[in-house]
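Visitor: Here you go, one structure.
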Amino acid sequence: MPTARDIMPGLRVLVIGGGGGGIGAAITAGLAAAGADVAVVDVDEARAKAAADSVAAQGRRGVPVVADIRDGADIERAVARARDGLGGIDALVTVVGGLMAFGMPFDRLDTWTDDEWDFVFDVNIRYVYRALKATLKIMVEQGTGGAIVSIGSDAGTAGHGSPNMVAYGAAKAGLAHLVKSIACEYGKDGIRMNMVSPGATETAATAALPAATVAAMNATIPLRRRGKPEDIANAVVFLASPLARHVTGQILGVDGGVSVESPMPDLSVIGTK
């Protein structure tokens with residue numbers, strides 16, 4: 001029986017958004033525990049270094065990379081820095097995304113501004129497209145295939161509407177289609193792309209939610225609890241590893257079953273402009 005460190009021995013992984021804690025930090029830690037070397041992108045240098053140090057503490061190579069994901073040139077530089085620091089890129093994980101974490105509104109569509117809409121698309125899908133362009137070129141040139149995993153959301157993939165967070169749901173739905181298209185386009189190169197689609201998850205962004213709100217959210221989940229960052233990380237490690245070598249173009253819901261039982265709740269009660 002293989003141990004955890006046998007799953008991704010020596011594979012070189014670029015994580016965009018693994019430095020600031022929560023889901024990203026759990027994914028970075030999970031990849032290192034599985035035996036991978038990890039380059040970690042964060043807009044904050046101290047967070048990027050701390051995440052890379054956590055990888056090194058597990059006996060793997062950690063490479064800190066500072067970049068602003070809303071800057072296309074910065075993303076290209078970040079991917080090149082990761083390739084140089086790791087000696088190549090075998091897998092890419094895109095983590096950055098969300099609505100509440102960026103202070104965006106939970107409001108009806110007619111209240112949104114163009115700048116708010118554009119920002120949500122920037123941090124949930126546009127940067128993924130840019131990271132893919134740069135990373136896919138490297139993977140194709142290496143000629144050894146590769147794995148890509150993006151973090152999505154039930155808001156865009158569970159087959160129902162996303163009231164009061166239309167931009168977020170639309171961006172994540174677009175990301176799901178991007179995943180399927182890349183799987184088709186690059187399968188012949190041995191490159192796989194999949195998505196992990198979380199439901200409500202315990203992160204710093206949701207730590208201040210009132211107990212009554214948390215209880216109401218849990219009541220909509222068949223497993224009766226929100227996910228933890230480690231739940232998401234475990235799914236990412238599986239999809240990025242050779243264990244999933246024949247899995248591509250798939251959306252894996254890690255949501256306690258909410259997507260198969262309940263409609264998307266109206267979350268406007270937990271965030272405002």
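Order determines the names: the first chain of the structure tokens is A, the second B, and so forth; residues in each chain are numbered 1 upward, and ligands are numbered 1 upward as they are shown.
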Which residues come within 9 Å of stretch 153-156 of chain A, counting only C-alpha atoms, excluding same-chain residues fewer than 6 positions away, as a list in words?
Guide: Gly98, Ser162, Met165, Val166, Tyr168, Gly169, Ala170, Ala171, Lys172, Ala173, Gly174, Leu175, Ala176, Val196, Ser197, Pro198, Gly199, Ala200, Gly253, Val254, Asp255, Val258, Ser259 and Met264 of chain A
Visitor: At a cut-off of 12 Å, using only C-alpha atoms, what residues contact stretch 82-85 of chain A? Leave out same-chain residues fewer than 3 positions from it and give the result as a ChimeraX atom specification.
Guide: /A:12-16,37-41,52,61-67,75-79,88-92,131,134-139,142
Visitor: Within 7 Å of A:Val237, counting only C-alpha atoms, which residues show up once you throw out same-chain ones fewer than 3 positions away? Write them as a PyMOL selection string, please.
Guide: chain A and resi 30-31+233-234+240-241
Visitor: Which parts of stretch 97-163 of chain A does DSSP call strand (DSSP E) when run on the backbone here, written out as a PyMOL selection string?
Guide: chain A and resi 146-151
Visitor: For the residues selected in the previous step, produce a file with N, CA and C atoms as a PDB file, in the first residue's frame.
Guide:
```pdb
ATOM      1  N   GLY A 146       0.973  16.491 -18.113  1.00  0.00           N
ATOM      2  CA  GLY A 146       0.816  17.368 -16.963  1.00  0.00           C
ATOM      3  C   GLY A 146      -0.595  17.315 -16.414  1.00  0.00           C
ATOM      4  N   ALA A 147      -0.784  17.928 -15.261  1.00  0.00           N
ATOM      5  CA  ALA A 147      -2.097  17.961 -14.613  1.00  0.00           C
ATOM      6  C   ALA A 147      -2.403  19.389 -14.187  1.00  0.00           C
ATOM      7  N   ILE A 148      -3.636  19.798 -14.396  1.00  0.00           N
ATOM      8  CA  ILE A 148      -4.089  21.131 -13.996  1.00  0.00           C
ATOM      9  C   ILE A 148      -5.368  20.966 -13.187  1.00  0.00           C
ATOM     10  N   VAL A 149      -5.438  21.640 -12.057  1.00  0.00           N
ATOM     11  CA  VAL A 149      -6.634  21.607 -11.221  1.00  0.00           C
ATOM     12  C   VAL A 149      -7.007  23.041 -10.869  1.00  0.00           C
ATOM     13  N   SER A 150      -8.246  23.414 -11.118  1.00  0.00           N
ATOM     14  CA  SER A 150      -8.736  24.736 -10.747  1.00  0.00           C
ATOM     15  C   SER A 150      -9.796  24.607  -9.663  1.00  0.00           C
ATOM     16  N   ILE A 151      -9.805  25.580  -8.760  1.00  0.00           N
ATOM     17  CA  ILE A 151     -10.842  25.618  -7.726  1.00  0.00           C
ATOM     18  C   ILE A 151     -12.036  26.399  -8.260  1.00  0.00           C
TER      19      ILE A 151
END
```
Visitor: Find the residues near A:Phe119: any atom within 12 Å, counting only C-alpha atoms, skip ones fewer than 6 places away on the same chain, and give them as a list in words.
Guide: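 So the residues in contact are Ile69, Arg70, Gly97, Gly98, Leu99, Phe102, Gly103, Met104, Pro105, Trp112, Thr113, Ile125, Arg126, Tyr127, Ala167, Tyr168 and Ala171 of chain A.
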Visitor: Considering only C-alpha atoms, return as a list in words whatever protein or nucleic-acid residues lie within 9 Å of A:Val247, sequence-local ones (same chain, fewer than 5 positions apart) excluded.
Guide: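 Answer for this query is Arg192, Met193, Asn194 and Leu239 of chain A.
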Visitor: Which residue out of A:Ala36, A:Ala29, A:Val43, A:Ile232 has the minimum interatomic distance to A:Leu86 when only C-alpha atoms are used?
Guide: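 Nearest candidate to A:Leu86 out of A:Ala36, A:Ala29, A:Val43, A:Ile232: A:Ala36.
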Visitor: Assign secondary structure with DSSP using the backbone only, and return the residues of stretch 5-219 of chain A in alpha helix (DSSP H) as number ranges by chain.
Guide: A: 22-33, 45-56, 72-86, 114-121, 127-142, 154-157, 166-186, 211-219
Visitor: Just the selected residues (C-alpha atoms), exported as a compact mmCIF listing (two decimals), in the first residue's frame, please.
Guide:
```txt
# COMPACT_ATOMS: atom_id res chain seq x y z
CA GLY A 22 -7.15 28.82 4.18
CA ILE A 23 -7.73 26.59 1.16
CA GLY A 24 -4.54 27.67 -0.61
CA ALA A 25 -2.30 26.92 2.35
CA ALA A 26 -4.00 23.55 2.89
CA ILE A 27 -3.46 22.64 -0.77
CA THR A 28 0.21 23.66 -0.60
CA ALA A 29 0.71 21.58 2.54
CA GLY A 30 -1.13 18.62 1.06
CA LEU A 31 0.97 18.63 -2.10
CA ALA A 32 4.20 18.76 -0.11
CA ALA A 33 3.01 15.92 2.13
CA GLU A 45 6.02 38.48 -0.36
CA ALA A 46 5.91 37.45 3.30
CA ARG A 47 2.99 35.08 2.72
CA ALA A 48 4.65 33.55 -0.35
CA LYS A 49 7.86 32.98 1.61
CA ALA A 50 6.01 31.52 4.59
CA ALA A 51 4.19 29.06 2.32
CA ALA A 52 7.42 28.06 0.58
CA ASP A 53 9.09 27.61 3.97
CA SER A 54 6.25 25.30 5.03
CA VAL A 55 6.99 23.15 1.98
CA ALA A 56 10.70 23.07 2.82
CA GLY A 72 -1.03 39.54 -17.23
CA ALA A 73 2.69 40.29 -17.50
CA ASP A 74 3.11 39.49 -13.81
CA ILE A 75 1.49 36.09 -14.31
CA GLU A 76 3.85 35.29 -17.18
CA ARG A 77 6.83 36.24 -15.01
CA ALA A 78 5.46 34.14 -12.13
CA VAL A 79 5.10 31.04 -14.29
CA ALA A 80 8.63 31.51 -15.66
CA ARG A 81 9.99 31.98 -12.13
CA ALA A 82 8.26 28.79 -10.99
CA ARG A 83 9.64 26.84 -13.96
CA ASP A 84 13.16 28.08 -13.28
CA GLY A 85 12.94 27.48 -9.54
CA LEU A 86 11.52 23.98 -9.84
CA ASP A 114 -19.09 47.44 -14.49
CA ASP A 115 -15.92 47.70 -12.38
CA GLU A 116 -17.30 45.25 -9.82
CA TRP A 117 -18.32 42.79 -12.53
CA ASP A 118 -14.90 43.04 -14.21
CA PHE A 119 -13.09 42.55 -10.91
CA VAL A 120 -14.98 39.34 -10.15
CA PHE A 121 -14.12 37.96 -13.58
CA TYR A 127 -6.14 35.07 -14.48
CA VAL A 128 -6.69 31.31 -14.94
CA TYR A 129 -6.74 31.80 -18.71
CA ARG A 130 -3.49 33.74 -18.52
CA ALA A 131 -1.83 31.18 -16.25
CA LEU A 132 -2.97 28.39 -18.55
CA LYS A 133 -1.47 30.03 -21.63
CA ALA A 134 1.95 30.32 -20.03
CA THR A 135 1.92 26.92 -18.31
CA LEU A 136 0.53 24.90 -21.20
CA LYS A 137 3.37 26.08 -23.43
CA ILE A 138 5.86 24.75 -20.88
CA MET A 139 4.06 21.43 -20.46
CA VAL A 140 3.82 20.88 -24.21
CA GLU A 141 7.51 21.71 -24.65
CA GLN A 142 8.46 19.29 -21.85
CA ASP A 154 -21.03 25.16 -6.46
CA ALA A 155 -22.24 28.66 -7.33
CA GLY A 156 -21.31 27.99 -10.95
CA THR A 157 -21.46 24.22 -11.31
CA VAL A 166 -24.60 36.42 -10.39
CA ALA A 167 -21.13 37.58 -11.47
CA TYR A 168 -19.42 34.97 -9.30
CA GLY A 169 -21.67 32.16 -10.50
CA ALA A 170 -21.20 33.20 -14.13
CA ALA A 171 -17.41 33.32 -13.76
CA LYS A 172 -17.25 29.89 -12.13
CA ALA A 173 -19.61 28.41 -14.73
CA GLY A 174 -17.30 29.79 -17.40
CA LEU A 175 -14.34 28.26 -15.61
CA ALA A 176 -16.07 24.86 -15.64
CA HIS A 177 -16.48 25.10 -19.41
CA LEU A 178 -12.85 26.17 -19.77
CA VAL A 179 -11.80 23.05 -17.84
CA LYS A 180 -13.72 20.78 -20.22
CA SER A 181 -12.38 22.54 -23.30
CA ILE A 182 -8.74 22.36 -22.17
CA ALA A 183 -9.22 18.66 -21.40
CA CYS A 184 -10.33 18.15 -25.01
CA GLU A 185 -7.69 20.36 -26.61
CA TYR A 186 -4.65 19.09 -24.72
CA ALA A 211 -23.49 31.20 14.85
CA ALA A 212 -27.10 31.35 13.69
CA THR A 213 -25.98 31.90 10.08
CA VAL A 214 -23.55 28.98 10.27
CA ALA A 215 -26.28 26.74 11.71
CA ALA A 216 -28.65 27.74 8.92
CA MET A 217 -25.98 26.97 6.29
CA ASN A 218 -25.17 23.61 7.87
CA ALA A 219 -28.85 22.68 7.83
```
